[in-house]
Protein chains: 2
Amino acid sequence: MGSPFSRRVELALKLKGIPYEYIEEDLSNKSPLLLQYNLIHKKVPVLLHNGKPIVESLVIIEYIDETWKENPILPEDPYERATSRFWTKFIDEKCMGALRNACWSYGEESEKLMEEARGLLRTLENELKGKRFFGGEDIGLVDIAANFIAFWVGVLQEVRGVSLIDKDTFPILHEWTERFVSSSVVKETLPPRDKLLSFFQARIEAMAATKSMIYK
Amino acid sequence: MGSPFSRRVELALKLKGIPYEYIEEDLSNKSPLLLQYNLIHKKVPVLLHNGKPIVESLVIIEYIDETWKENPILPEDPYERATSRFWTKFIDEKCMGALRNACWSYGEESEKLMEEARGLLRTLENELKGKRFFGGEDIGLVDIAANFIAFWVGVLQEVRGVSLIDKDTFPILHEWTERFVSSSVVKETLPPRDKLLSFFQARIEAMAATKSMIYK
């Protein structure tokens with residue numbers, strides 16, 4: 001339920017207005033279908049089109065944008081395309097891990113990881129200055145890639161009682177998260193907030209139980 | 001001298017026949033120019049075109065391919081483009097780190113890391129079956145991204161006296177490395193083999209010195 005990567009692909013398809021069939025995958029008990037179509041990584045998402053599988057969320061989104069030309073996700077100009085791809089890589093390779101680590105950290109390493117994450121958020125805040133979305137007036141590739149930052153991080157903050165993307169520290173980014181998650185097409189692709197909340201809550205309790213076992 | 005990422009960009013430019021000026025960067029003493037044009041990562045390569053910087057080797061290569069249409073680097077068909085991007089990510093995110101770790105490992109962890117690297121190479125070997133290059137008849141995006149595997153790994157093998165991509169275990173991949181490095185345009189973009197060899201040799205000696213300081 002919790003994969004932001006699958007939701008990226010759904011959002012791209014919805015922005016394009018392409019009908020699709022969604023098949024839920026139980027990652028604790030992977031189906032033969034998943035193993036058949038993503039033999040190498042055995043991960044979601046997989047897009048099946050004309051009987052052929054495409055894997056890796058960003059590769060899928062570029063495929064979708066190249067196959068169905070209406071409502072473009074990437075800009076037309078090569079330099080702007082490069083800029084979009086740069087920020088997408090930045091989010092994937094730098095921000096997601098750092099934000100996840102910061103949100104799940106405990107004890108004395110927590111403040112260090114929080115600071116690290118805030119440094120990256122500062123960079124994104126600067127990039128968003130004067131724009132409605134990373135894509136400009138409309139949701140584009142970078143916004144889609146940043147769905148984890150807009151929605152998942154908010155839920156994690158609430159569960160852990162920490163503050164990362166708050167109104168005072170990152171006003172522009174904070175406004176963007178609200179604008180993004182309240183867009184009607186984005187809403188359709190997000191997991192129910194209360195379910196994600198209980199999902200993370202259960203994980204925290206399981207972690208706490210393991211810890212008390214270790215420290216007892 | 002040793003960056004395979006910069007060499008990727010040079011190879012893309014040469015395959016396209018685009019003249020360029022190469023500016024060497026001393027990474028131990030980064031220039032104001034590098035910091036100005038790649039403020040976020042402060043890394044090479046940076047492509048300057050029309051006064052604007054593009055960073056991240058794979059982002060640069062897609063930019064080059066979209067800006068100059070002749071001698072395409074990516075295939076035209078969206079599914080084949082997706083496949084090329086998939087393998088490029090596989091090389092960047094899985095193979096390069098694993099191969100580097102395997103080549104630089106010592107002691108008992110070495111065999112484990114070697115086996116891990118061989119598993120990934122086996123996957124590439126299968127992908128290359130029946131093809132001259134990953135790109136088909138000609139050098140394409142995946143071949144460019146795999147320059148580290150074709151050249152740098154060979155030098156590291158020699159320096160460390162280990163065997164990874166040998167003729168018997170990976171005949172197809174081995175033949176591809178020879179075909180790739182002997183291509184005249186590739187040759188122009190590779191650092192001199194003897195210099196890279198001494199560079200790595202010096203690094204190994206420095207590492208050995210540190211180790212003996214630790215164990216003394």
# chains A, B, ... in the order shown; residues from 1 in each chain; ligands from 1

call {"tool": "interface_residues", "arguments": {"of": "chain A", "to": "chain B", "cutoff": "8 Å", "atoms": "only C-alpha atoms", "output": "short mmCIF file (atom, residue, chain, number, x, y, z; two decimals) with all heavy atoms, in the first residue's frame"}}
result
data_model
loop_
_atom_site.label_atom_id
_atom_site.label_comp_id
_atom_site.auth_asym_id
_atom_site.auth_seq_id
_atom_site.Cartn_x
_atom_site.Cartn_y
_atom_site.Cartn_z
N ILE A 54 7.63 -2.55 -18.36
CA ILE A 54 8.60 -1.47 -18.16
C ILE A 54 8.72 -1.30 -16.66
O ILE A 54 7.71 -1.24 -15.95
CB ILE A 54 8.14 -0.16 -18.82
CG1 ILE A 54 7.91 -0.38 -20.32
CG2 ILE A 54 9.17 0.96 -18.65
CD1 ILE A 54 6.49 -0.24 -20.74
N VAL A 55 9.95 -1.22 -16.16
CA VAL A 55 10.16 -1.10 -14.72
C VAL A 55 11.00 0.13 -14.37
O VAL A 55 11.60 0.73 -15.25
CB VAL A 55 10.81 -2.37 -14.11
CG1 VAL A 55 9.91 -3.57 -14.29
CG2 VAL A 55 12.17 -2.63 -14.70
N GLU A 56 11.00 0.47 -13.08
CA GLU A 56 11.66 1.65 -12.53
C GLU A 56 10.74 2.85 -12.77
O GLU A 56 10.55 3.27 -13.92
CB GLU A 56 13.03 1.95 -13.18
CG GLU A 56 14.08 0.90 -12.93
CD GLU A 56 14.85 1.13 -11.62
OE1 GLU A 56 14.53 2.09 -10.90
OE2 GLU A 56 15.75 0.34 -11.34
N VAL A 59 11.78 5.62 -15.26
CA VAL A 59 11.86 5.10 -16.63
C VAL A 59 10.45 4.95 -17.19
O VAL A 59 10.18 5.30 -18.35
CB VAL A 59 12.61 3.74 -16.64
CG1 VAL A 59 12.56 3.11 -18.02
CG2 VAL A 59 14.06 3.92 -16.19
N ILE A 60 9.54 4.48 -16.35
CA ILE A 60 8.14 4.31 -16.78
C ILE A 60 7.53 5.67 -17.14
O ILE A 60 6.84 5.80 -18.16
CB ILE A 60 7.30 3.64 -15.66
CG1 ILE A 60 7.81 2.23 -15.37
CG2 ILE A 60 5.82 3.60 -16.06
CD1 ILE A 60 7.15 1.55 -14.17
N GLU A 62 8.98 8.44 -18.17
CA GLU A 62 9.49 8.93 -19.45
C GLU A 62 8.86 8.14 -20.61
O GLU A 62 8.55 8.70 -21.67
CB GLU A 62 11.03 8.85 -19.51
CG GLU A 62 11.72 9.75 -18.50
CD GLU A 62 12.67 10.78 -19.14
OE1 GLU A 62 12.63 10.99 -20.37
OE2 GLU A 62 13.47 11.38 -18.39
N TYR A 63 8.68 6.84 -20.40
CA TYR A 63 8.03 6.01 -21.42
C TYR A 63 6.61 6.50 -21.69
O TYR A 63 6.18 6.66 -22.84
CB TYR A 63 8.01 4.54 -20.98
CG TYR A 63 7.23 3.63 -21.91
CD1 TYR A 63 7.80 3.15 -23.08
CD2 TYR A 63 5.90 3.28 -21.63
CE1 TYR A 63 7.09 2.32 -23.95
CE2 TYR A 63 5.19 2.46 -22.49
CZ TYR A 63 5.78 1.98 -23.64
OH TYR A 63 5.07 1.17 -24.50
N GLU A 66 6.62 9.69 -23.62
CA GLU A 66 7.02 9.56 -25.03
C GLU A 66 5.99 8.81 -25.85
O GLU A 66 5.93 8.95 -27.08
CB GLU A 66 8.38 8.84 -25.11
CG GLU A 66 9.53 9.72 -24.62
CD GLU A 66 10.86 9.00 -24.52
OE1 GLU A 66 10.90 7.76 -24.68
OE2 GLU A 66 11.87 9.68 -24.26
N THR A 67 5.20 7.97 -25.18
CA THR A 67 4.24 7.15 -25.91
C THR A 67 2.93 7.89 -26.14
O THR A 67 2.33 7.79 -27.21
CB THR A 67 3.98 5.84 -25.12
OG1 THR A 67 5.24 5.19 -24.91
CG2 THR A 67 3.05 4.91 -25.88
N PRO A 78 15.08 21.21 -24.50
CA PRO A 78 16.10 20.29 -23.97
C PRO A 78 16.75 20.76 -22.67
O PRO A 78 17.01 19.94 -21.78
CB PRO A 78 17.14 20.22 -25.09
CG PRO A 78 16.40 20.55 -26.33
CD PRO A 78 15.32 21.52 -25.92
N TYR A 79 17.00 22.07 -22.54
CA TYR A 79 17.64 22.53 -21.29
C TYR A 79 16.69 22.40 -20.11
O TYR A 79 17.09 21.97 -19.02
CB TYR A 79 18.11 23.99 -21.44
CG TYR A 79 18.89 24.43 -20.21
CD1 TYR A 79 20.19 23.96 -20.01
CD2 TYR A 79 18.34 25.26 -19.25
CE1 TYR A 79 20.90 24.31 -18.88
CE2 TYR A 79 19.05 25.62 -18.11
CZ TYR A 79 20.33 25.14 -17.93
OH TYR A 79 21.04 25.48 -16.80
N ARG A 81 14.28 20.25 -19.94
CA ARG A 81 14.16 18.80 -19.69
C ARG A 81 15.33 18.33 -18.81
O ARG A 81 15.13 17.57 -17.86
CB ARG A 81 14.19 18.02 -21.01
CG ARG A 81 12.94 18.23 -21.85
CD ARG A 81 13.13 17.66 -23.25
NE ARG A 81 13.06 16.20 -23.32
CZ ARG A 81 11.93 15.52 -23.39
NH1 ARG A 81 10.78 16.15 -23.40
NH2 ARG A 81 11.96 14.20 -23.46
N ALA A 82 16.54 18.80 -19.14
CA ALA A 82 17.73 18.42 -18.36
C ALA A 82 17.58 18.89 -16.91
O ALA A 82 17.90 18.16 -15.97
CB ALA A 82 18.99 19.00 -18.99
N THR A 83 17.07 20.11 -16.74
CA THR A 83 16.87 20.65 -15.39
C THR A 83 15.88 19.79 -14.61
O THR A 83 16.10 19.46 -13.44
CB THR A 83 16.38 22.11 -15.48
OG1 THR A 83 17.30 22.83 -16.31
CG2 THR A 83 16.36 22.77 -14.11
N ARG A 85 15.20 16.64 -15.11
CA ARG A 85 15.83 15.35 -14.79
C ARG A 85 16.85 15.50 -13.66
O ARG A 85 17.00 14.62 -12.84
CB ARG A 85 16.51 14.78 -16.05
CG ARG A 85 15.51 14.30 -17.08
CD ARG A 85 16.23 13.61 -18.24
NE ARG A 85 15.28 13.17 -19.26
CZ ARG A 85 15.33 13.55 -20.54
NH1 ARG A 85 16.29 14.36 -20.96
NH2 ARG A 85 14.44 13.10 -21.39
N PHE A 86 17.55 16.63 -13.65
CA PHE A 86 18.51 16.87 -12.58
C PHE A 86 17.81 16.87 -11.21
O PHE A 86 18.23 16.20 -10.28
CB PHE A 86 19.23 18.21 -12.79
CG PHE A 86 20.04 18.63 -11.60
CD1 PHE A 86 21.31 18.10 -11.40
CD2 PHE A 86 19.52 19.49 -10.64
CE1 PHE A 86 22.04 18.44 -10.27
CE2 PHE A 86 20.25 19.84 -9.52
CZ PHE A 86 21.51 19.31 -9.33
#

call {"tool": "residues_around", "arguments": {"residues": "Leu11 in chain A", "least_positions_apart": "2", "cutoff": "8 Å", "atoms": "only C-alpha atoms", "output": "short mmCIF file (atom, residue, chain, number, x, y, z; two decimals) with all heavy atoms, in the first residue's frame"}}
result
data_model
loop_
_atom_site.label_atom_id
_atom_site.label_comp_id
_atom_site.auth_asym_id
_atom_site.auth_seq_id
_atom_site.Cartn_x
_atom_site.Cartn_y
_atom_site.Cartn_z
N ARG A 7 2.72 5.08 -6.90
CA ARG A 7 1.81 6.22 -6.99
C ARG A 7 2.29 7.24 -8.00
O ARG A 7 1.52 7.97 -8.60
CB ARG A 7 1.61 6.85 -5.61
CG ARG A 7 1.17 5.86 -4.54
CD ARG A 7 -0.06 5.07 -4.99
NE ARG A 7 -0.32 3.96 -4.08
CZ ARG A 7 -1.50 3.72 -3.52
NH1 ARG A 7 -2.54 4.46 -3.82
NH2 ARG A 7 -1.63 2.70 -2.70
N ARG A 8 3.60 7.34 -8.16
CA ARG A 8 4.15 8.21 -9.20
C ARG A 8 3.61 7.82 -10.57
O ARG A 8 3.21 8.66 -11.37
CB ARG A 8 5.68 8.06 -9.28
CG ARG A 8 6.45 8.67 -8.16
CD ARG A 8 7.92 8.34 -8.38
NE ARG A 8 8.78 8.99 -7.42
CZ ARG A 8 10.10 8.85 -7.40
NH1 ARG A 8 10.70 8.08 -8.30
NH2 ARG A 8 10.84 9.47 -6.50
N VAL A 9 3.65 6.50 -10.84
CA VAL A 9 3.23 6.02 -12.15
C VAL A 9 1.73 6.25 -12.34
O VAL A 9 1.29 6.70 -13.41
CB VAL A 9 3.57 4.52 -12.30
CG1 VAL A 9 2.99 3.96 -13.59
CG2 VAL A 9 5.09 4.33 -12.28
N LEU A 13 -0.09 8.51 -15.31
CA LEU A 13 -1.16 7.99 -16.18
C LEU A 13 -2.42 8.85 -16.07
O LEU A 13 -3.07 9.15 -17.07
CB LEU A 13 -1.48 6.54 -15.80
CG LEU A 13 -0.40 5.50 -16.17
CD1 LEU A 13 -0.65 4.18 -15.45
CD2 LEU A 13 -0.35 5.27 -17.67
N LYS A 14 -2.75 9.26 -14.85
CA LYS A 14 -3.95 10.07 -14.64
C LYS A 14 -3.79 11.46 -15.26
O LYS A 14 -4.73 12.01 -15.83
CB LYS A 14 -4.28 10.18 -13.15
CG LYS A 14 -5.03 8.95 -12.64
CD LYS A 14 -5.43 9.11 -11.20
CE LYS A 14 -5.90 7.80 -10.61
NZ LYS A 14 -7.23 7.38 -11.10
N LEU A 15 -2.60 12.05 -15.13
CA LEU A 15 -2.37 13.37 -15.73
C LEU A 15 -2.54 13.31 -17.25
O LEU A 15 -2.95 14.27 -17.88
CB LEU A 15 -0.96 13.88 -15.38
CG LEU A 15 -0.77 14.37 -13.94
CD1 LEU A 15 0.72 14.57 -13.65
CD2 LEU A 15 -1.53 15.68 -13.68
N ILE A 144 5.96 15.03 -9.54
CA ILE A 144 5.57 13.62 -9.43
C ILE A 144 6.60 12.87 -8.59
O ILE A 144 6.26 12.11 -7.68
CB ILE A 144 5.44 12.97 -10.83
CG1 ILE A 144 4.35 13.68 -11.63
CG2 ILE A 144 5.15 11.49 -10.71
CD1 ILE A 144 4.21 13.19 -13.07
N VAL A 185 -6.40 15.42 -9.00
CA VAL A 185 -5.83 14.23 -9.65
C VAL A 185 -4.79 13.56 -8.75
O VAL A 185 -4.68 12.33 -8.70
CB VAL A 185 -5.28 14.58 -11.07
CG1 VAL A 185 -4.20 15.61 -10.99
CG2 VAL A 185 -4.78 13.36 -11.77
N VAL A 186 -4.05 14.37 -7.98
CA VAL A 186 -3.08 13.79 -7.04
C VAL A 186 -3.81 13.00 -5.95
O VAL A 186 -3.42 11.87 -5.63
CB VAL A 186 -2.21 14.90 -6.39
CG1 VAL A 186 -1.36 14.33 -5.26
CG2 VAL A 186 -1.31 15.56 -7.43
N THR A 189 -4.50 9.46 -6.34
CA THR A 189 -3.38 8.51 -6.40
C THR A 189 -2.71 8.31 -5.04
O THR A 189 -1.73 7.57 -4.94
CB THR A 189 -2.27 9.00 -7.37
OG1 THR A 189 -1.65 10.17 -6.80
CG2 THR A 189 -2.83 9.34 -8.72
#

call {"tool": "select_by_dssp", "arguments": {"residues": "range 71-182 of chain A", "states": "alpha helix (DSSP H)", "output": "ChimeraX atom specification"}}
result
/A:78-90,96-104,108-128,141-145,147,153-160,171-181

call {"tool": "write_last_selection", "arguments": {"atoms": "C-alpha atoms", "output": "short mmCIF file (atom, residue, chain, number, x, y, z; two decimals), in the first residue's frame"}}
result
data_model
loop_
_atom_site.label_atom_id
_atom_site.label_comp_id
_atom_site.auth_asym_id
_atom_site.auth_seq_id
_atom_site.Cartn_x
_atom_site.Cartn_y
_atom_site.Cartn_z
CA PRO A 78 16.10 20.29 -23.97
CA TYR A 79 17.64 22.53 -21.29
CA GLU A 80 14.45 22.56 -19.25
CA ARG A 81 14.16 18.80 -19.69
CA ALA A 82 17.73 18.42 -18.36
CA THR A 83 16.87 20.65 -15.39
CA SER A 84 13.81 18.54 -14.60
CA ARG A 85 15.83 15.35 -14.79
CA PHE A 86 18.51 16.87 -12.58
CA TRP A 87 16.02 17.72 -9.80
CA THR A 88 14.35 14.36 -10.12
CA LYS A 89 17.69 12.62 -9.59
CA PHE A 90 18.39 14.96 -6.68
CA MET A 96 14.38 10.44 -0.21
CA GLY A 97 16.98 8.47 1.74
CA ALA A 98 17.92 11.45 3.91
CA LEU A 99 14.30 12.28 4.74
CA ARG A 100 13.49 8.67 5.50
CA ASN A 101 16.55 8.34 7.74
CA ALA A 102 15.73 11.59 9.54
CA CYS A 103 12.11 10.59 10.15
CA TRP A 104 13.02 7.14 11.47
CA GLU A 108 21.52 11.47 19.46
CA GLU A 109 21.95 10.74 15.76
CA SER A 110 18.48 12.15 15.18
CA GLU A 111 19.44 15.83 15.32
CA LYS A 112 22.33 15.30 12.91
CA LEU A 113 20.12 13.52 10.39
CA MET A 114 17.41 16.15 10.80
CA GLU A 115 19.94 18.89 10.00
CA GLU A 116 21.15 16.97 6.96
CA ALA A 117 17.58 16.61 5.70
CA ARG A 118 16.87 20.31 6.32
CA GLY A 119 19.92 21.24 4.22
CA LEU A 120 18.44 19.36 1.27
CA LEU A 121 14.98 20.83 1.86
CA ARG A 122 16.57 24.30 1.84
CA THR A 123 17.89 23.57 -1.66
CA LEU A 124 14.41 22.53 -2.82
CA GLU A 125 12.87 25.61 -1.17
CA ASN A 126 15.19 27.81 -3.23
CA GLU A 127 14.37 25.97 -6.43
CA LEU A 128 10.62 26.44 -5.88
CA LEU A 141 8.12 15.34 -13.59
CA VAL A 142 9.79 16.80 -10.48
CA ASP A 143 6.48 17.21 -8.63
CA ILE A 144 5.57 13.62 -9.43
CA ALA A 145 8.95 12.41 -8.16
CA ASN A 147 5.20 12.90 -4.00
CA VAL A 153 6.88 12.89 4.99
CA GLY A 154 3.85 14.71 6.43
CA VAL A 155 2.42 11.46 7.76
CA LEU A 156 5.79 10.40 9.15
CA GLN A 157 6.17 13.76 10.90
CA GLU A 158 2.83 13.27 12.59
CA VAL A 159 3.55 9.69 13.65
CA ARG A 160 6.98 10.53 15.04
CA PRO A 171 7.13 28.43 3.80
CA ILE A 172 7.39 27.87 0.04
CA LEU A 173 7.86 24.11 0.26
CA HIS A 174 5.11 23.87 2.87
CA GLU A 175 2.68 25.72 0.61
CA TRP A 176 3.68 23.48 -2.28
CA THR A 177 2.95 20.30 -0.27
CA GLU A 178 -0.55 21.63 0.45
CA ARG A 179 -1.13 22.66 -3.14
CA PHE A 180 0.12 19.30 -4.41
CA VAL A 181 -1.87 17.01 -2.12
#

call {"tool": "select_by_dssp", "arguments": {"residues": "chain A", "states": "strand (DSSP E or B)", "output": "list of chain:residue names"}}
result
A:Val46, A:Leu47, A:Leu48, A:His49, A:Lys52, A:Pro53, A:Ile54, A:Val55, A:Phe133, A:Gly136

call {"tool": "atom_distance", "arguments": {"atom1": "CA of Ser28 in chain B", "atom2": "CA of Lys42 in chain B"}}
result
11.6 Å

call {"tool": "closest_residue", "arguments": {"among": "A:Pro45, A:Ser182, A:Ala202, A:Ile149", "to": "Glu24 in chain A", "atoms": "only C-alpha atoms"}}
result
A:Pro45

call {"tool": "residues_around", "arguments": {"residues": "Ser6 in chain A", "least_positions_apart": "4", "cutoff": "9 Å", "atoms": "only C-alpha atoms", "output": "list in words"}}
result
Gly2, Glu10, Leu11, Val44, Pro45, Val46 and Ser57 of chain A

call {"tool": "write_last_selection", "arguments": {"atoms": "N, CA, C and O atoms", "output": "PDB file, in the first residue's frame"}}
result
ATOM      1  N   GLY A   2       2.003   1.152   0.673  1.00  0.00           N
ATOM      2  CA  GLY A   2       2.733   2.384   0.956  1.00  0.00           C
ATOM      3  C   GLY A   2       3.696   2.878  -0.099  1.00  0.00           C
ATOM      4  O   GLY A   2       4.389   3.856   0.130  1.00  0.00           O
ATOM      5  N   GLU A  10       0.943   5.977 -11.302  1.00  0.00           N
ATOM      6  CA  GLU A  10      -0.504   6.215 -11.400  1.00  0.00           C
ATOM      7  C   GLU A  10      -0.783   7.688 -11.683  1.00  0.00           C
ATOM      8  O   GLU A  10      -1.651   8.018 -12.486  1.00  0.00           O
ATOM      9  N   LEU A  11      -0.043   8.572 -11.013  1.00  0.00           N
ATOM     10  CA  LEU A  11      -0.252  10.007 -11.213  1.00  0.00           C
ATOM     11  C   LEU A  11       0.060  10.409 -12.656  1.00  0.00           C
ATOM     12  O   LEU A  11      -0.686  11.160 -13.296  1.00  0.00           O
ATOM     13  N   VAL A  44       7.894  -3.380  -7.297  1.00  0.00           N
ATOM     14  CA  VAL A  44       6.902  -2.554  -7.980  1.00  0.00           C
ATOM     15  C   VAL A  44       7.511  -1.157  -8.120  1.00  0.00           C
ATOM     16  O   VAL A  44       8.413  -0.809  -7.358  1.00  0.00           O
ATOM     17  N   PRO A  45       7.026  -0.322  -9.034  1.00  0.00           N
ATOM     18  CA  PRO A  45       5.970  -0.624 -10.001  1.00  0.00           C
ATOM     19  C   PRO A  45       6.482  -1.274 -11.286  1.00  0.00           C
ATOM     20  O   PRO A  45       7.642  -1.107 -11.655  1.00  0.00           O
ATOM     21  N   VAL A  46       5.580  -1.993 -11.938  1.00  0.00           N
ATOM     22  CA  VAL A  46       5.815  -2.500 -13.287  1.00  0.00           C
ATOM     23  C   VAL A  46       4.656  -2.004 -14.143  1.00  0.00           C
ATOM     24  O   VAL A  46       3.499  -2.149 -13.741  1.00  0.00           O
ATOM     25  N   SER A  57      10.243   3.459 -11.698  1.00  0.00           N
ATOM     26  CA  SER A  57       9.205   4.478 -11.851  1.00  0.00           C
ATOM     27  C   SER A  57       9.586   5.617 -12.801  1.00  0.00           C
ATOM     28  O   SER A  57       8.780   6.039 -13.631  1.00  0.00           O
TER      29      SER A  57
END
